[in-house]
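See below for model05.cif, which holds mmCIF, C-alpha atoms.
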data_model
loop_
_atom_site.label_atom_id
_atom_site.label_comp_id
_atom_site.auth_asym_id
_atom_site.auth_seq_id
_atom_site.Cartn_x
_atom_site.Cartn_y
_atom_site.Cartn_z
CA MET A 74 5.94 23.72 -21.82
CA SER A 75 9.01 23.88 -19.55
CA PHE A 76 9.96 27.31 -20.92
CA LEU A 77 6.45 28.59 -20.23
CA VAL A 78 6.41 27.11 -16.71
CA ASN A 79 9.85 28.62 -16.02
CA LEU A 80 8.55 31.98 -17.18
CA LEU A 81 5.34 31.73 -15.13
CA CYS A 82 7.20 30.62 -11.99
CA ARG A 83 9.96 33.24 -12.51
CA GLY A 84 12.57 30.50 -12.45
CA ASN A 85 11.42 29.20 -9.07
CA ASN A 86 11.19 25.42 -8.78
CA GLN A 87 8.11 25.64 -6.56
CA PRO A 88 4.96 27.53 -7.54
CA SER A 89 3.85 30.25 -5.14
CA PRO A 90 0.34 29.50 -3.81
CA ARG A 91 -0.75 33.01 -4.80
CA GLY A 92 0.96 33.09 -8.17
CA PHE A 93 -0.49 32.71 -11.63
CA ALA A 94 1.36 29.41 -12.20
CA ALA A 95 -0.31 27.78 -9.17
CA TRP A 96 -3.69 29.11 -10.27
CA LEU A 97 -3.14 27.69 -13.75
CA GLY A 98 -1.96 24.36 -12.33
CA ARG A 99 -5.11 24.08 -10.21
CA ARG A 100 -7.34 24.98 -13.16
CA LEU A 101 -5.70 22.37 -15.39
CA ALA A 102 -6.09 19.67 -12.72
CA LEU A 103 -9.66 20.64 -11.83
CA ARG A 104 -10.87 19.98 -15.37
CA ASN A 105 -11.67 16.48 -14.11
CA PRO A 106 -14.66 16.41 -11.71
CA ARG A 107 -13.01 13.72 -9.55
CA VAL A 108 -10.15 16.04 -8.59
CA THR A 109 -10.50 18.15 -5.42
CA ILE A 110 -7.81 20.72 -4.60
CA ALA A 111 -7.82 23.19 -1.71
CA PRO A 112 -7.86 26.82 -2.91
CA ASP A 113 -4.52 27.55 -1.22
CA ALA A 114 -2.70 24.48 -2.57
CA ALA A 115 0.07 25.17 -5.10
CA ILE A 116 -0.01 22.93 -8.16
CA SER A 117 2.56 23.46 -10.90
CA PRO A 118 1.09 23.62 -14.41
CA ALA A 119 3.87 21.19 -15.37
CA ALA A 120 2.56 18.57 -12.89
CA MET A 121 0.21 15.86 -14.14
CA ILE A 122 -2.90 15.26 -12.03
CA ASN A 123 -5.22 12.53 -13.35
CA PRO A 124 -7.64 10.48 -11.20
CA ARG A 125 -8.10 7.72 -13.81
CA SER A 126 -10.94 5.63 -12.33
CA GLY A 127 -10.27 6.89 -8.80
CA ALA A 128 -10.28 10.33 -7.20
CA VAL A 129 -7.49 12.78 -6.29
CA GLU A 130 -7.76 15.01 -3.21
CA ILE A 131 -5.06 17.58 -2.34
CA GLY A 132 -5.32 19.41 0.97
CA ALA A 133 -4.73 22.95 2.15
CA ARG A 134 -1.29 24.52 1.62
CA SER A 135 0.04 21.39 -0.06
CA MET A 136 2.27 21.59 -3.12
CA VAL A 137 2.90 19.48 -6.23
CA SER A 138 6.07 20.50 -8.10
CA PRO A 139 6.88 20.52 -11.83
CA GLY A 140 7.15 17.10 -13.44
CA ALA A 141 5.40 15.29 -10.58
CA VAL A 142 2.64 12.80 -11.45
CA VAL A 143 -0.32 12.19 -9.14
CA ALA A 144 -2.63 9.63 -10.72
CA GLY A 145 -5.42 7.28 -9.73
CA ASN A 146 -6.84 7.00 -6.22
CA VAL A 147 -4.71 9.41 -4.12
CA LYS A 148 -5.43 11.54 -1.04
CA ILE A 149 -2.85 14.11 0.08
CA GLY A 150 -3.40 15.90 3.39
CA ASN A 151 -2.61 19.47 4.42
CA ASP A 152 0.84 21.11 4.37
CA SER A 153 2.43 18.29 2.34
CA SER A 154 4.68 18.47 -0.71
CA VAL A 155 5.43 16.22 -3.66
CA GLN A 156 8.69 17.28 -5.30
CA ASN A 157 9.89 17.21 -8.91
CA TYR A 158 9.44 14.04 -10.98
CA THR A 159 7.95 12.00 -8.17
CA ILE A 160 5.28 9.52 -9.28
CA VAL A 161 2.34 8.72 -7.00
CA VAL A 162 -0.17 6.22 -8.41
CA GLY A 163 -3.15 4.75 -6.58
CA TYR A 164 -5.53 2.06 -7.78
CA GLY A 165 -9.19 1.30 -7.23
CA THR A 166 -12.18 3.61 -7.27
CA PRO A 167 -13.65 6.02 -4.72
CA GLU A 168 -16.12 3.25 -3.78
CA ASN A 169 -13.44 0.51 -3.71
CA PRO A 170 -10.17 2.02 -2.45
CA ALA A 171 -8.20 -1.24 -2.68
CA GLY A 172 -5.05 0.52 -3.90
CA LEU A 173 -5.57 3.97 -2.35
CA VAL A 174 -2.41 5.99 -1.65
CA ARG A 175 -3.06 8.11 1.44
CA ILE A 176 -0.49 10.78 2.33
CA GLY A 177 -0.99 12.51 5.69
CA ASN A 178 -0.42 16.06 6.90
CA GLY A 179 3.00 17.71 6.95
CA VAL A 180 4.61 15.08 4.71
CA ARG A 181 7.68 15.93 2.64
CA ILE A 182 8.35 13.71 -0.38
CA GLY A 183 11.65 14.31 -2.18
CA ALA A 184 12.28 14.29 -5.91
CA HIS A 185 12.24 11.19 -8.14
CA CYS A 186 10.30 8.95 -5.73
CA MET A 187 7.98 6.12 -6.82
CA ILE A 188 4.89 5.42 -4.71
CA ILE A 189 2.69 2.86 -6.48
CA GLY A 190 -0.38 1.26 -4.83
CA GLY A 191 -0.35 -1.95 -6.86
CA ASN A 192 1.85 -4.63 -8.39
CA HIS A 193 1.56 -6.66 -11.57
CA ARG A 194 0.37 -10.22 -11.08
CA PHE A 195 2.80 -12.77 -12.51
CA SER A 196 1.93 -16.11 -10.86
CA ASP A 197 0.86 -17.82 -14.11
CA PRO A 198 4.00 -18.40 -16.22
CA SER A 199 1.86 -19.55 -19.18
CA ALA A 200 0.18 -16.12 -19.47
CA PRO A 201 1.87 -12.84 -20.40
CA ILE A 202 2.37 -10.63 -17.35
CA HIS A 203 0.51 -7.72 -18.95
CA LYS A 204 -2.62 -9.91 -19.21
CA GLN A 205 -2.63 -11.01 -15.56
CA GLY A 206 -3.77 -7.65 -14.20
CA ILE A 207 -2.82 -5.56 -11.20
CA GLU A 208 -3.08 -6.53 -7.54
CA PRO A 209 -3.98 -3.29 -5.72
CA LYS A 210 -2.76 -2.73 -2.16
CA PRO A 211 -3.04 0.53 -0.22
CA ILE A 212 -0.09 2.68 0.83
CA VAL A 213 -0.39 4.84 3.95
CA ILE A 214 2.12 7.57 4.77
CA CYS A 215 1.17 9.01 8.16
CA ASP A 216 1.63 12.60 9.37
CA ASP A 217 4.99 14.38 9.72
CA VAL A 218 7.06 12.07 7.50
CA TRP A 219 10.12 13.02 5.45
CA ILE A 220 10.86 10.81 2.45
CA GLY A 221 14.23 11.49 0.82
CA GLY A 222 14.84 11.58 -2.93
CA ASN A 223 14.76 8.45 -5.12
CA VAL A 224 12.78 6.40 -2.60
CA ASN A 225 10.54 3.54 -3.82
CA ILE A 226 7.57 2.61 -1.64
CA ILE A 227 6.03 -0.76 -2.47
CA ALA A 228 2.27 -1.46 -2.44
CA GLY A 229 0.82 -2.51 0.92
CA VAL A 230 3.24 -0.49 3.09
CA THR A 231 2.37 1.81 6.00
CA ILE A 232 4.94 4.39 7.15
CA GLY A 233 4.20 5.57 10.69
CA SER A 234 4.04 9.17 11.94
CA GLY A 235 7.28 11.05 12.39
CA CYS A 236 9.42 8.75 10.23
CA VAL A 237 12.41 9.68 8.10
CA ILE A 238 13.16 7.51 5.06
CA GLY A 239 16.71 7.93 3.73
CA ALA A 240 17.37 8.82 0.10
CA GLY A 241 17.50 5.89 -2.31
CA SER A 242 15.70 3.49 0.03
CA VAL A 243 13.25 0.80 -1.08
CA VAL A 244 10.45 0.43 1.47
CA THR A 245 9.08 -3.12 1.26
CA HIS A 246 7.44 -3.47 4.70
CA ASP A 247 5.77 -1.30 7.35
CA ILE A 248 7.94 1.22 9.20
CA PRO A 249 6.92 1.93 12.83
CA PRO A 250 6.33 5.53 14.00
CA MET A 251 9.29 7.79 14.82
CA SER A 252 11.78 5.59 12.94
CA ILE A 253 14.72 6.44 10.69
CA ALA A 254 14.94 3.81 7.95
CA VAL A 255 17.46 3.43 5.15
CA GLY A 256 18.57 0.89 2.57
CA ALA A 257 17.23 -1.54 0.01
CA PRO A 258 15.21 -3.05 1.54
CA ALA A 259 14.77 -0.24 4.08
CA LYS A 260 15.65 -1.15 7.66
CA VAL A 261 15.13 0.87 10.82
CA ILE A 262 18.53 2.09 12.03
CA LYS A 263 17.43 4.47 14.74
CA LYS A 264 14.39 5.82 16.59
CA ARG A 265 13.74 9.54 16.82
CA GLU A 266 13.86 10.58 20.46
CA LYS A 267 12.20 13.67 21.89
CA THR A 268 14.70 16.20 23.22
CA GLU A 269 14.12 18.13 26.41
#
As C-alpha cells, the full file:
Amino acid sequence: MSFLVNLLCRGNNQPSPRGFAAWLGRRLALRNPRVTIAPDAAISPAAMINPRSGAVEIGARSMVSPGAVVAGNVKIGNDSSVQNYTIVVGYGTPENPAGLVRIGNGVRIGAHCMIIGGNHRFSDPSAPIHKQGIEPKPIVICDDVWIGGNVNIIAGVTIGSGCVIGAGSVVTHDIPPMSIAVGAPAKVIKKREKTE
C-alpha cells in the first residue's frame, strides 16, 4: 500500500486536497455512514479512519496524513492537521460522548502523537486488567494549538486555545490558554504574550 500511496501522492507526505489520493482517502473513510468529512478535507488513503461505536467528523480544509489513525468518537474542526503515525482514539457513542476527543480549528498535531480518550481500569487486583473495561474521559484541544511530535495526551485533559505543547511531552492535566508547556508530565514554562 505504501508504494501505491507514494505513487498517488507523487512522493509528497501530505495529500493535496484536490488530488486523486485525497479523493480516494475520503472515499475509503466514507464507506462507514458514521464518518463525516468536509469535501475539501485531505485524507490520505494510507490513513485509517474508523468510528467504531462512535462517530468521526473532519472539518473543512483539515488533513490526515499517511499512517495516522483516527478511531472512535472524534471531532476535528476546520483547518487542522493530524500528521504521520499519530493515533487519535475516542470512546463512547454519538449519544453518549463520555470519551469524545474534540480537536478545534487551526490545530497542528505533530507526528507520532497519542491522544486516547480513555484508560484501562485496574483497581481490582484479583481481576485481569483486560476484563475490567475502559474508563472513558473526554479530551478537548481548543483552537489554534500546536502539539509537537511524540506527545501523549492523557484522557480527561483540556488544552486551552493558543497553546504550544513541546515535543515528547506527556500532558496529564489541563493546560491554560496561551501557554507553552513541556516535559513529562508537561508543565507550563511560559505564557504567549501578544506583541505590538
Could you make a table, as a tab-separated table, of the residues of range 81-181 of chain A that have an atom within 10 Å of an atom of range 206-210 of chain A, each with its nearest atom pair and distance in Å to one decimal, counting only C-alpha atoms, in chain and number order?
residue	atom	partner	partner_atom	distance
A:Gly163	CA	A:Pro209	CA	8.1
A:Tyr164	CA	A:Pro209	CA	5.9
A:Gly165	CA	A:Pro209	CA	7.1
A:Pro170	CA	A:Pro209	CA	8.8
A:Ala171	CA	A:Pro209	CA	5.6
A:Gly172	CA	A:Lys210	CA	4.3
A:Leu173	CA	A:Lys210	CA	7.3
A:Val174	CA	A:Lys210	CA	8.7
Hey, which of A:Ser196, A:Gln205, A:Asn123, A:Ser138 ends up closest to Ile182 in chain A? Count all atoms listed in the file.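 Distance minimum relative to Ile182 in chain A lands on A:Ser138.
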Residue with smallest distance to Asn225 in chain A - pool A:Pro112, A:Gly140, A:Gly239, A:Pro249, counting only C-alpha atoms: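 Between A:Pro112, A:Gly140, A:Gly239, A:Pro249, the residue approaching Asn225 in chain A most closely is A:Gly239.
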Which residues match the PyMOL selection byres ((chain A and resi 180) around 12) in the file above, as a VMD selection string? chain A and resid 132 134 to 137 149 to 156 175 to 179 181 to 183 213 to 221 232 to 238
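Across the model, the gap from CA of Pro139 in chain A to CA of Asp247 in chain A is 29.1 Å.
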Given the PyMOL selection byres ((chain A and resi 145) around 6) and the file above, list the residues it selects as a list in words. Pro124, Arg125, Gly127, Ala144, Asn146, Val162, Gly163 and Tyr164 of chain A
Just the selected residues (C-alpha atoms), exported as a PDB file, in the frame of the given file, please.
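out.pdb, written as the output of this step:
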ATOM      1  CA  PRO A 124      -7.640  10.480 -11.200  1.00  0.00           C
ATOM      2  CA  ARG A 125      -8.100   7.720 -13.810  1.00  0.00           C
ATOM      3  CA  GLY A 127     -10.270   6.890  -8.800  1.00  0.00           C
ATOM      4  CA  ALA A 144      -2.630   9.630 -10.720  1.00  0.00           C
ATOM      5  CA  ASN A 146      -6.840   7.000  -6.220  1.00  0.00           C
ATOM      6  CA  VAL A 162      -0.170   6.220  -8.410  1.00  0.00           C
ATOM      7  CA  GLY A 163      -3.150   4.750  -6.580  1.00  0.00           C
ATOM      8  CA  TYR A 164      -5.530   2.060  -7.780  1.00  0.00           C
TER       9      TYR A 164
END
Quick one: distance from CA of Asn223 in chain A to CA of Ala184 in chain A in Å, one decimal?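 Here the two named atoms are 6.4 Å from each other.
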With all atoms listed in the file as the atoms that count, which of A:His203, A:Lys148, A:His246, A:Gly92 lies nearest to Ala115 in chain A? A:Gly92
